[in-house]
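Quick look at model.cif (mmCIF, C-alpha atoms and all ligand atoms):
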data_input
#
loop_
_atom_site.label_atom_id
_atom_site.label_comp_id
_atom_site.auth_asym_id
_atom_site.auth_seq_id
_atom_site.Cartn_x
_atom_site.Cartn_y
_atom_site.Cartn_z
CA PRO A 1 175.62 -22.32 -171.30
CA GLN A 2 172.51 -22.55 -169.17
CA VAL A 3 171.19 -19.67 -167.10
CA GLN A 4 169.73 -22.02 -164.54
CA SER A 5 172.80 -24.11 -163.89
CA SER A 6 175.25 -21.24 -163.58
CA THR A 7 173.09 -19.15 -161.27
CA LYS A 8 171.27 -21.65 -159.09
CA ALA A 9 170.32 -19.44 -156.16
CA LYS A 10 171.27 -16.15 -157.77
CA ALA A 11 169.07 -14.19 -160.13
CA PRO A 12 170.29 -14.18 -163.73
CA HIS A 13 172.07 -10.98 -164.70
CA ALA A 14 171.95 -8.84 -167.86
CA GLU A 15 174.30 -6.11 -169.02
CA ILE A 16 172.75 -3.74 -171.59
CA ALA A 17 174.49 -1.19 -173.81
CA GLY A 18 172.36 1.90 -174.48
CA ALA A 19 169.69 3.65 -172.40
CA GLY A 20 167.44 4.58 -175.34
CA TYR A 21 163.76 3.59 -175.49
CA VAL A 22 164.67 0.08 -176.49
CA GLY A 23 167.42 -0.68 -173.97
CA LEU A 24 165.31 0.69 -171.11
CA THR A 25 162.26 -1.30 -172.21
CA ALA A 26 164.28 -4.52 -172.30
CA ALA A 27 165.77 -3.69 -168.91
CA THR A 28 162.37 -3.11 -167.31
CA ALA A 29 160.82 -6.25 -168.80
CA LEU A 30 163.77 -8.38 -167.61
CA ARG A 31 163.74 -6.85 -164.15
CA GLN A 32 160.01 -7.58 -163.89
CA ARG A 33 160.91 -11.23 -164.50
CA GLY A 34 163.48 -11.43 -161.73
CA TRP A 35 166.69 -10.49 -163.51
CA THR A 36 169.23 -8.05 -162.19
CA VAL A 37 169.95 -5.53 -164.91
CA ARG A 38 172.56 -2.85 -165.49
CA VAL A 39 172.22 -0.40 -168.39
CA HIS A 40 175.24 1.53 -169.68
CA GLU A 41 174.69 4.90 -171.32
CA LYS A 42 177.67 6.57 -172.91
CA SER A 43 176.21 10.09 -172.61
CA PRO A 44 176.64 12.05 -169.39
CA GLU A 45 172.88 12.67 -169.21
CA LEU A 46 169.76 10.57 -169.56
CA ARG A 47 167.79 12.40 -172.22
CA GLN A 48 166.62 12.06 -175.80
CA PHE A 49 167.56 14.26 -178.67
CA GLY A 50 165.07 14.87 -181.42
CA ALA A 51 161.58 16.22 -181.66
CA GLY A 52 158.38 14.18 -181.73
CA ILE A 53 157.37 10.58 -182.19
CA PHE A 54 154.35 8.42 -183.03
CA LEU A 55 153.46 5.27 -181.15
CA TRP A 56 150.83 2.82 -182.27
CA GLU A 57 148.85 0.01 -180.66
CA ASN A 58 151.85 -2.35 -180.77
CA GLY A 59 154.19 -0.06 -178.84
CA LEU A 60 151.51 1.19 -176.45
CA ARG A 61 150.76 -2.39 -175.40
CA VAL A 62 154.41 -2.92 -174.48
CA LEU A 63 154.36 0.26 -172.40
CA GLU A 64 151.27 -1.00 -170.59
CA LYS A 65 153.24 -4.10 -169.60
CA THR A 66 156.33 -2.21 -168.46
CA GLY A 67 154.37 0.35 -166.47
CA ALA A 68 155.16 3.38 -168.65
CA ALA A 69 151.75 3.75 -170.30
CA ALA A 70 150.02 6.02 -167.76
CA ASP A 71 152.71 8.71 -168.10
CA VAL A 72 152.70 8.36 -171.89
CA PHE A 73 148.91 8.73 -172.11
CA ALA A 74 148.99 11.76 -169.80
CA ASN A 75 151.55 13.51 -172.01
CA SER A 76 150.46 12.69 -175.55
CA VAL A 77 147.47 13.04 -177.86
CA GLN A 78 145.57 10.91 -180.33
CA PRO A 79 144.99 13.34 -183.22
CA PRO A 80 141.52 13.18 -184.83
CA VAL A 81 142.85 12.13 -188.25
CA TYR A 82 146.00 11.59 -190.29
CA GLU A 83 145.42 13.92 -193.20
CA THR A 84 147.48 13.86 -196.39
CA ARG A 85 147.68 16.85 -198.71
CA PHE A 86 149.18 16.58 -202.16
CA GLN A 87 150.08 19.85 -203.87
CA HIS A 88 148.03 21.72 -201.23
CA LYS A 89 144.87 19.64 -201.70
CA THR A 90 143.57 17.14 -199.17
CA VAL A 91 143.69 13.65 -200.69
CA SER A 92 142.92 11.56 -197.63
CA LYS A 93 141.86 11.70 -194.00
CA GLU A 94 142.70 8.42 -192.36
CA THR A 95 141.59 7.10 -189.01
CA PHE A 96 142.67 3.71 -187.82
CA GLY A 97 139.54 2.28 -186.22
CA PRO A 98 140.34 0.35 -183.06
CA ILE A 99 144.10 0.80 -183.49
CA ARG A 100 145.28 3.35 -180.95
CA TRP A 101 147.96 5.81 -182.05
CA ARG A 102 149.48 8.66 -180.07
CA THR A 103 151.84 11.49 -180.85
CA MET A 104 154.17 13.03 -178.27
CA THR A 105 157.47 14.75 -177.75
CA ARG A 106 160.44 12.42 -177.55
CA GLN A 107 161.32 13.87 -174.18
CA ASN A 108 157.91 12.92 -172.76
CA LEU A 109 158.16 9.37 -174.06
CA TYR A 110 161.68 9.09 -172.74
CA SER A 111 160.78 10.35 -169.24
CA ALA A 112 157.96 7.81 -169.03
CA VAL A 113 160.17 4.90 -170.12
CA LEU A 114 162.99 6.01 -167.81
CA GLU A 115 160.73 6.35 -164.76
CA ALA A 116 159.27 2.90 -165.40
CA ALA A 117 162.80 1.47 -165.49
CA ARG A 118 163.67 3.20 -162.22
CA ARG A 119 160.49 1.95 -160.55
CA ALA A 120 161.35 -1.59 -161.63
CA GLY A 121 164.77 -1.29 -160.03
CA VAL A 122 166.99 -1.12 -163.10
CA GLU A 123 170.54 0.14 -162.47
CA ILE A 124 171.58 2.79 -164.98
CA VAL A 125 175.15 4.03 -165.33
CA VAL A 126 175.90 7.20 -167.30
CA ASN A 127 179.26 8.13 -168.83
CA SER A 128 179.69 4.42 -169.42
CA GLU A 129 180.55 3.49 -172.99
CA VAL A 130 180.48 -0.14 -174.04
CA VAL A 131 183.23 -0.80 -176.58
CA SER A 132 182.82 -4.51 -177.21
CA ALA A 133 180.98 -7.66 -176.25
CA ASP A 134 181.89 -11.33 -175.89
CA PRO A 135 179.46 -14.05 -177.03
CA GLU A 136 180.47 -16.03 -173.91
CA GLY A 137 178.70 -13.37 -171.84
CA ALA A 138 180.66 -10.20 -171.13
CA ILE A 139 181.03 -6.58 -172.13
CA GLN A 140 184.05 -4.34 -172.06
CA LEU A 141 183.75 -0.66 -171.17
CA ALA A 142 185.85 2.22 -172.52
CA SER A 143 187.48 2.32 -169.08
CA GLY A 144 188.83 -1.19 -169.75
CA GLU A 145 186.58 -2.83 -167.19
CA VAL A 146 185.07 -6.18 -168.16
CA LEU A 147 181.66 -7.16 -166.80
CA LYS A 148 180.26 -10.66 -167.00
CA ALA A 149 176.61 -11.45 -167.58
CA ASP A 150 174.24 -14.28 -168.39
CA LEU A 151 172.81 -12.09 -171.16
CA VAL A 152 174.28 -9.14 -173.07
CA LEU A 153 172.08 -6.79 -175.09
CA GLY A 154 173.28 -4.31 -177.67
CA ALA A 155 170.66 -1.55 -177.64
CA ASP A 156 173.25 1.04 -178.57
CA GLY A 157 171.55 2.47 -181.64
CA VAL A 158 172.38 2.69 -185.32
CA GLY A 159 176.16 3.01 -184.70
CA SER A 160 176.22 0.00 -182.33
CA LYS A 161 179.65 -0.93 -181.00
CA VAL A 162 178.33 -4.16 -179.57
CA ARG A 163 177.30 -5.13 -183.12
CA ASP A 164 180.44 -3.94 -184.84
CA SER A 165 182.82 -5.44 -182.27
CA LEU A 166 181.34 -8.85 -183.05
CA GLY A 167 181.43 -8.48 -186.82
CA PHE A 168 177.72 -9.12 -187.44
CA LYS A 169 177.23 -9.15 -191.20
CA GLN A 170 175.16 -6.17 -192.27
CA THR A 171 173.77 -4.35 -195.27
CA ARG A 172 173.23 -0.61 -194.96
CA THR A 173 171.13 1.18 -197.55
CA LYS A 174 170.76 4.93 -197.79
CA SER A 175 167.58 6.38 -199.29
CA ARG A 176 167.59 9.44 -201.51
CA ASP A 177 165.57 11.56 -199.07
CA GLY A 178 166.10 12.74 -195.53
CA ILE A 179 164.54 14.99 -192.96
CA THR A 180 165.07 17.76 -190.43
CA ARG A 181 162.93 17.27 -187.32
CA LEU A 182 162.09 20.15 -185.02
CA LEU A 183 159.85 20.99 -182.09
CA VAL A 184 158.15 24.41 -182.24
CA PRO A 185 155.27 26.17 -180.43
CA ARG A 186 151.80 25.25 -181.77
CA LYS A 187 151.00 28.73 -183.21
CA LYS A 188 147.37 27.68 -183.65
CA ALA A 189 145.99 31.25 -183.55
CA GLU A 190 148.52 32.47 -186.11
CA LEU A 191 147.75 29.59 -188.46
CA GLY A 192 144.15 30.86 -188.74
CA PRO A 193 141.04 28.76 -189.27
CA GLY A 194 141.60 25.09 -190.03
CA GLU A 195 141.81 21.62 -188.56
CA TRP A 196 145.14 22.21 -186.87
CA ASP A 197 144.80 19.33 -184.42
CA ASN A 198 145.15 16.85 -187.28
CA VAL A 199 148.41 15.28 -188.25
CA ILE A 200 148.90 16.77 -191.70
CA ASP A 201 151.36 15.33 -194.17
CA PHE A 202 151.97 18.10 -196.74
CA TRP A 203 153.54 16.69 -199.90
CA ASN A 204 154.76 18.69 -202.88
CA LEU A 205 156.49 16.88 -205.73
CA GLU A 206 156.21 19.99 -207.93
CA PRO A 207 157.87 22.43 -208.51
CA ARG A 208 160.32 20.49 -206.36
CA VAL A 209 160.26 17.61 -203.91
CA LEU A 210 159.59 19.07 -200.47
CA ARG A 211 157.37 17.72 -197.73
CA ILE A 212 156.35 18.89 -194.28
CA LEU A 213 154.94 16.48 -191.73
CA TYR A 214 152.88 18.52 -189.22
CA VAL A 215 152.35 16.68 -185.91
CA PRO A 216 150.64 18.16 -182.83
CA CYS A 217 152.15 16.51 -179.71
CA ASP A 218 150.12 18.32 -177.02
CA GLU A 219 148.66 21.80 -176.46
CA LYS A 220 152.09 23.46 -176.50
CA ASN A 221 154.35 21.44 -178.76
CA LEU A 222 154.28 20.85 -182.47
CA TYR A 223 156.60 18.35 -184.12
CA VAL A 224 157.45 19.43 -187.67
CA ALA A 225 159.58 17.37 -190.03
CA PHE A 226 160.99 18.92 -193.21
CA MET A 227 161.80 16.38 -195.90
CA ALA A 228 164.03 17.08 -198.89
CA PRO A 229 166.26 14.99 -201.14
CA ARG A 230 169.86 14.63 -199.96
CA GLU A 231 171.09 16.16 -203.20
CA ASP A 232 168.98 19.30 -202.63
CA THR A 233 171.51 21.38 -200.72
CA GLN A 234 169.08 24.25 -200.19
CA GLY A 235 166.21 22.03 -199.01
CA SER A 236 168.39 20.01 -196.66
CA ARG A 237 170.19 23.02 -195.19
CA VAL A 238 170.10 23.65 -191.43
CA PRO A 239 169.11 26.01 -189.98
CA LEU A 240 166.21 25.83 -192.44
CA ASP A 241 165.98 28.22 -195.34
CA GLY A 242 162.80 29.88 -194.05
CA ASP A 243 162.08 31.69 -197.31
CA LEU A 244 162.30 28.53 -199.41
CA TRP A 245 159.97 26.58 -197.11
CA ALA A 246 157.48 29.44 -196.68
CA GLU A 247 157.28 29.99 -200.44
CA ASN A 248 156.48 26.33 -200.95
CA PHE A 249 154.14 25.99 -197.94
CA PRO A 250 152.57 29.43 -197.41
CA GLU A 251 149.81 27.84 -195.28
CA LEU A 252 152.45 27.01 -192.64
CA ARG A 253 154.36 30.30 -192.57
CA PRO A 254 154.02 31.00 -188.79
CA VAL A 255 155.35 27.54 -187.97
CA ILE A 256 158.16 27.74 -190.52
CA GLU A 257 159.30 31.07 -189.08
CA GLU A 258 159.67 29.43 -185.67
CA ALA A 259 161.43 26.39 -187.11
CA ALA A 260 163.94 28.54 -189.00
CA LYS A 261 165.16 29.99 -185.69
CA LEU A 262 166.38 26.57 -184.49
CA ALA A 263 169.70 24.84 -185.15
CA GLY A 264 168.35 21.50 -186.40
CA ARG A 265 170.01 18.49 -187.96
CA TYR A 266 169.27 16.85 -191.29
CA ASP A 267 169.18 13.03 -191.17
CA GLY A 268 169.25 10.95 -194.33
CA TYR A 269 166.96 7.90 -194.25
CA GLU A 270 168.83 4.63 -193.74
CA THR A 271 168.04 0.95 -193.42
CA THR A 272 170.30 -1.58 -191.66
CA VAL A 273 169.62 -5.27 -192.20
CA LEU A 274 171.68 -7.85 -190.32
CA GLU A 275 172.18 -11.47 -191.23
CA LYS A 276 171.62 -12.42 -187.57
CA TRP A 277 170.44 -10.59 -184.46
CA THR A 278 172.13 -12.88 -181.98
CA THR A 279 175.35 -14.76 -181.30
CA GLY A 280 176.00 -16.77 -178.15
CA LYS A 281 174.70 -14.85 -175.16
CA VAL A 282 174.58 -11.54 -177.05
CA ALA A 283 171.52 -10.14 -178.83
CA LEU A 284 170.95 -6.87 -180.66
CA ILE A 285 167.71 -4.93 -180.41
CA GLY A 286 166.33 -1.64 -181.74
CA ASP A 287 168.25 0.47 -184.24
CA ALA A 288 171.41 -1.57 -183.56
CA ALA A 289 169.65 -4.52 -185.23
CA ASN A 290 167.15 -2.98 -187.63
CA ALA A 291 167.29 0.75 -188.23
CA MET A 292 164.54 1.66 -190.67
CA CYS A 293 163.14 4.50 -192.72
CA PRO A 294 160.55 6.45 -190.72
CA ALA A 295 157.58 6.32 -193.13
CA LEU A 296 155.49 3.96 -190.98
CA ALA A 297 156.72 5.54 -187.72
CA GLN A 298 157.64 2.13 -186.33
CA GLY A 299 161.36 2.23 -185.47
CA ALA A 300 160.88 2.64 -181.74
CA GLY A 301 157.70 0.57 -181.79
CA CYS A 302 159.42 -2.44 -183.38
CA GLY A 303 162.41 -2.02 -181.10
CA MET A 304 160.26 -1.99 -177.95
CA MET A 305 158.26 -5.00 -179.13
CA ASN A 306 161.43 -6.99 -179.74
CA ALA A 307 162.86 -5.88 -176.40
CA TYR A 308 159.75 -7.10 -174.64
CA SER A 309 159.46 -10.42 -176.47
CA LEU A 310 163.15 -11.10 -175.84
CA ALA A 311 162.69 -10.62 -172.09
CA VAL A 312 159.76 -13.03 -172.13
CA ALA A 313 161.69 -15.54 -174.25
CA VAL A 314 164.80 -15.74 -172.07
CA SER A 315 163.10 -15.71 -168.69
CA GLY A 316 163.03 -19.20 -167.27
CA ALA A 317 164.61 -20.66 -170.41
CA GLN A 318 166.67 -23.82 -169.87
CA ASP A 319 169.00 -22.93 -172.72
CA LEU A 320 169.47 -19.18 -173.12
CA GLU A 321 171.27 -19.31 -176.45
CA LYS A 322 168.55 -21.45 -177.97
CA ALA A 323 165.90 -19.15 -176.50
CA LEU A 324 167.57 -16.21 -178.25
CA ARG A 325 167.72 -18.05 -181.56
CA ASP A 326 164.08 -19.07 -181.27
CA TRP A 327 163.09 -15.50 -180.37
CA GLN A 328 164.90 -14.22 -183.45
CA GLU A 329 163.21 -16.73 -185.70
CA ARG A 330 159.78 -15.95 -184.31
CA GLU A 331 159.91 -12.16 -184.20
CA ARG A 332 162.13 -11.29 -187.09
CA PRO A 333 159.73 -11.69 -190.02
CA THR A 334 157.40 -8.99 -188.64
CA THR A 335 160.25 -6.52 -188.28
CA ASP A 336 161.72 -7.42 -191.67
CA ARG A 337 158.40 -6.72 -193.39
CA CYS A 338 158.06 -3.41 -191.57
CA GLN A 339 161.56 -2.40 -192.67
CA GLU A 340 160.82 -3.38 -196.28
CA ARG A 341 157.56 -1.44 -196.35
CA SER A 342 159.15 1.61 -194.78
CA ALA A 343 161.99 1.50 -197.31
CA TYR A 344 159.48 1.11 -200.14
CA PHE A 345 157.63 4.26 -199.06
CA ALA A 346 160.90 6.16 -198.78
CA ALA A 347 161.95 5.07 -202.28
CA SER A 348 158.58 5.56 -204.00
CA ARG A 349 157.39 8.65 -202.10
CA SER A 350 153.97 7.10 -202.58
CA MET A 351 152.67 8.22 -199.19
CA SER A 352 151.96 11.42 -201.12
CA LYS A 353 148.97 9.68 -202.75
CA GLY A 354 147.17 9.38 -199.43
CA ASN A 355 145.23 6.38 -198.10
CA GLN A 356 148.44 4.39 -197.72
CA PHE A 357 147.73 3.02 -194.24
CA THR A 358 146.11 -0.13 -195.59
CA PRO A 359 145.63 -3.17 -193.32
CA THR A 360 148.83 -4.65 -194.77
CA MET A 361 150.78 -1.48 -194.01
CA LEU A 362 149.31 -1.46 -190.50
CA GLU A 363 150.39 -5.03 -189.78
CA THR A 364 153.10 -3.88 -187.36
CA ALA A 365 150.81 -1.38 -185.66
CA MET A 366 148.34 -4.19 -184.97
CA TYR A 367 150.89 -6.80 -183.89
CA ASP A 368 150.29 -7.89 -180.31
CA VAL A 369 153.59 -9.05 -178.92
CA THR A 370 152.28 -9.03 -175.35
CA GLY A 371 149.25 -11.25 -175.81
CA SER A 372 149.83 -14.96 -176.00
CA ARG A 373 153.28 -15.09 -174.46
CA GLY A 374 153.28 -12.04 -172.18
P1 LIG A 401 168.67 5.03 -179.74
O1 LIG A 401 167.47 5.84 -179.49
O2 LIG A 401 169.64 5.49 -180.75
O3 LIG A 401 169.38 4.84 -178.34
C1 LIG A 401 170.68 4.30 -178.21
C2 LIG A 401 171.28 4.78 -176.91
O4 LIG A 401 172.52 4.14 -176.73
C3 LIG A 401 171.55 6.26 -176.88
O5 LIG A 401 171.15 6.79 -175.66
C4 LIG A 401 173.07 6.35 -177.07
O6 LIG A 401 173.64 7.48 -176.48
C5 LIG A 401 173.51 5.08 -176.40
N1 LIG A 401 174.77 4.53 -176.88
C6 LIG A 401 175.22 4.49 -178.16
N2 LIG A 401 176.37 3.83 -178.23
C7 LIG A 401 176.68 3.43 -176.97
C8 LIG A 401 177.75 2.68 -176.41
N3 LIG A 401 178.74 2.23 -177.18
N4 LIG A 401 177.74 2.44 -175.08
C9 LIG A 401 176.73 2.89 -174.29
N5 LIG A 401 175.69 3.61 -174.79
C10 LIG A 401 175.65 3.86 -176.11
N6 LIG A 401 160.13 5.49 -184.40
C11 LIG A 401 158.84 5.38 -184.02
O7 LIG A 401 158.46 4.40 -183.39
N7 LIG A 401 157.93 6.37 -184.31
C12 LIG A 401 158.30 7.49 -185.01
O8 LIG A 401 157.47 8.38 -185.23
C13 LIG A 401 159.64 7.60 -185.46
N8 LIG A 401 160.05 8.67 -186.19
C14 LIG A 401 161.34 8.68 -186.64
C15 LIG A 401 161.74 9.73 -187.46
C16 LIG A 401 163.04 9.75 -188.00
C17 LIG A 401 163.45 10.83 -188.94
C18 LIG A 401 163.96 8.73 -187.64
C19 LIG A 401 165.37 8.74 -188.18
C20 LIG A 401 163.56 7.71 -186.79
C21 LIG A 401 162.25 7.67 -186.31
N9 LIG A 401 161.83 6.63 -185.49
C22 LIG A 401 160.53 6.56 -185.11
C23 LIG A 401 162.77 5.59 -185.08
C24 LIG A 401 163.22 5.74 -183.64
O9 LIG A 401 163.71 7.03 -183.39
C25 LIG A 401 164.33 4.75 -183.38
O10 LIG A 401 163.98 3.50 -183.92
C26 LIG A 401 164.53 4.58 -181.88
O11 LIG A 401 164.92 5.78 -181.28
C27 LIG A 401 165.59 3.53 -181.65
O12 LIG A 401 165.78 3.35 -180.28
P2 LIG A 401 167.08 2.64 -179.75
O13 LIG A 401 166.88 2.64 -178.26
O14 LIG A 401 167.28 1.37 -180.47
O15 LIG A 401 168.28 3.55 -180.18
N1 LIG A 402 156.35 9.38 -190.22
C1 LIG A 402 156.89 9.98 -189.16
C2 LIG A 402 158.06 10.69 -189.28
O1 LIG A 402 158.60 11.27 -188.21
C3 LIG A 402 158.67 10.78 -190.54
C4 LIG A 402 158.11 10.12 -191.60
C5 LIG A 402 156.93 9.44 -191.41
C6 LIG A 402 156.23 9.93 -187.85
C7 LIG A 402 159.86 11.59 -190.68
O2 LIG A 402 160.57 11.82 -189.58
O3 LIG A 402 158.27 9.35 -193.79
O4 LIG A 402 159.66 10.85 -193.22
C8 LIG A 402 158.73 10.11 -192.95
#

Encoding of this model in structure tokens:
Amino acid sequence: PQVQSSTKAKAPHAEIAGAGYVGLTAATALRQRGWTVRVHEKSPELRQFGAGIFLWENGLRVLEKTGAAADVFANSVQPPVYETRFQHKTVSKETFGPIRWRTMTRQNLYSAVLEAARRAGVEIVVNSEVVSADPEGAIQLASGEVLKADLVLGADGVGSKVRDSLGFKQTRTKSRDGITRLLVPRKKAELGPGEWDNVIDFWNLEPRVLRILYVPCDEKNLYVAFMAPREDTQGSRVPLDGDLWAENFPELRPVIEEAAKLAGRYDGYETTVLEKWTTGKVALIGDAANAMCPALAQGAGCGMMNAYSLAVAVSGAQDLEKALRDWQERERPTTDRCQERSAYFAASRSMSKGNQFTPTMLETAMYDVTGSRG
């Protein structure tokens, strides 16, 4: 099973399931290293659902390597501070020193990552669902077609069919809270005086557990996330119960009124931990391998880092399967710790205390996956 021997004159070839941030990042990084790459997306359209997203130093560095950074920087902001309010009082205003962090709409991040993949010459096929994978190096599509490859990547998200078709052992843990994420107009004038360019994490544990994460993405778009326990049927209802939220967060009434007009979807927090990320010529990356709670805003960041380091690891490797195992061993501890910390914050709700972005908690944000090996 050696890439070199089976493809002497020909470039090695990868088939990838899932054209999310992670699959496209892997595709671009492989293509940049001489692979031919085909990405299968089951949806008819290339677009991202959801509202806003944070990226930190670790993810931004990967985007610099794949050529997506310029578009991301042009369509995102670095807010002045990450402010935390507990029961309506500011308890911390965190900045992260030299660590860059940006907030943006998911659509803007996705367009940047997609364009970078196209510029690199990645082939993307829509309406193409991968139903299973073979560790010997093949995928099967819903159409019945079987495609061979030197490398198969499952980047098909939290419900990964690549993963489940191969019976990877997994533990899935649901947290007690969840969130409805929406994109609304900024409404800065209506909000009145205040530091409305900050990210503001509004936490109330009394009289009931409700939280609003307020995230400016650019001049027009505001990402707002409404957290409530799963068992709170009123708090987790979509469309939002505007009166409930406005009573509990009167300072955000104009934004809440906009949010209550939208359909929305409530997502419970979940963590997936696999025994292994790789078998034979198949590897899993992103949410397929390590879905995490969002507290540290690192799901996409970790996924893109692992996509990038995998591409570096397999390119030019004499023994691809060994390269994948070594990659897993090297990169996994960082992701595991990030998952554990994110799950801890979800369980303890202790981000409400403020000042939680300690150097330990920022380990992932500071991790440079592109440096020594890139
Ligand atoms: P996905 O984005 O799920 O992409 C998978 C793609 O594969 C999709 O396009 C899907 O249609 C396609 N697909 C699925 N099955 C198949 C199949 N069988 N065949 C072909 N295609 C298929 N991360 C951050 O870094 N920062 C944040 O601020 C942040 N906030 C978050 C907030 C919440 C509430 C949640 C739940 C997550 C958050 N994340 C954040 C995590 C981030 O959204 C995910 O980690 C990231 O989107 C995972 O990317 P992915 O490419 O692995 O999977
Ligand atoms: N951080 C971010 C986020 O989107 C969420 C959380 C933390 C960027 C929720 O979606 O802890 O819920 C969180």

Taking all atoms listed in the file into account, which of A:Asp177, A:Glu329, A:Asp134, A:Glu57 comes nearest Val152 in chain A?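 Among the listed residues, the smallest separation from Val152 in chain A belongs to A:Asp134.
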
Interatomic distance, CA of Leu274 in chain A to CA of Thr25 in chain A (Å, one decimal): 21.4 Å

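Going from atom C7 of ligand LIG 402 (chain A) to CA of Ala155 in chain A covers 21.4 Å.
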
If we count all atoms listed in the file and set the cut-off at 8 Å, which residues sit around Phe54 in chain A, ignoring sequence neighbours fewer than 5 positions away in its own chain? Please answer as a PyMOL selection string. chain A and resi 101-104+297-298

Thr28 in chain A proximity check over A:Asp326, A:Ala14, A:Pro79, A:Val91, using only C-alpha atoms: winner is A:Ala14

Could you tell me which of A:Leu222, A:Leu296, A:Ala51, A:Ala313 comes closest to Arg265 in chain A if we count all atoms listed in the file?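 The answer is A:Ala51, which sits nearest to Arg265 in chain A.
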
For Val122 in chain A, the closest of A:Asn290, A:Ser342, A:Thr180, A:Thr36 counting all atoms listed in the file is A:Thr36

Would you give me, as JSON lines, each residue of range 2-55 of chain A having an atom within 7 Å of an atom of range 145-150 of chain A, along with its shortest atom pair and that distance in Å to one decimal, using only C-alpha atoms and sorting by chain and residue number?
{"residue": "A:Val3", "atom": "CA", "partner": "A:Asp150", "partner_atom": "CA", "distance": 6.3}
{"residue": "A:Pro12", "atom": "CA", "partner": "A:Asp150", "partner_atom": "CA", "distance": 6.1}
{"residue": "A:His13", "atom": "CA", "partner": "A:Ala149", "partner_atom": "CA", "distance": 5.4}
{"residue": "A:Ala14", "atom": "CA", "partner": "A:Ala149", "partner_atom": "CA", "distance": 5.3}
{"residue": "A:Glu15", "atom": "CA", "partner": "A:Ala149", "partner_atom": "CA", "distance": 6.0}

Calculated over only C-alpha atoms and all ligand atoms, which of the candidates A:Asp368, A:Glu195, A:Asp267, A:Asp241 has the smallest distance to ligand LIG 402 (chain A)?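 Answer, going by the shortest atom-to-atom distance: A:Asp267.
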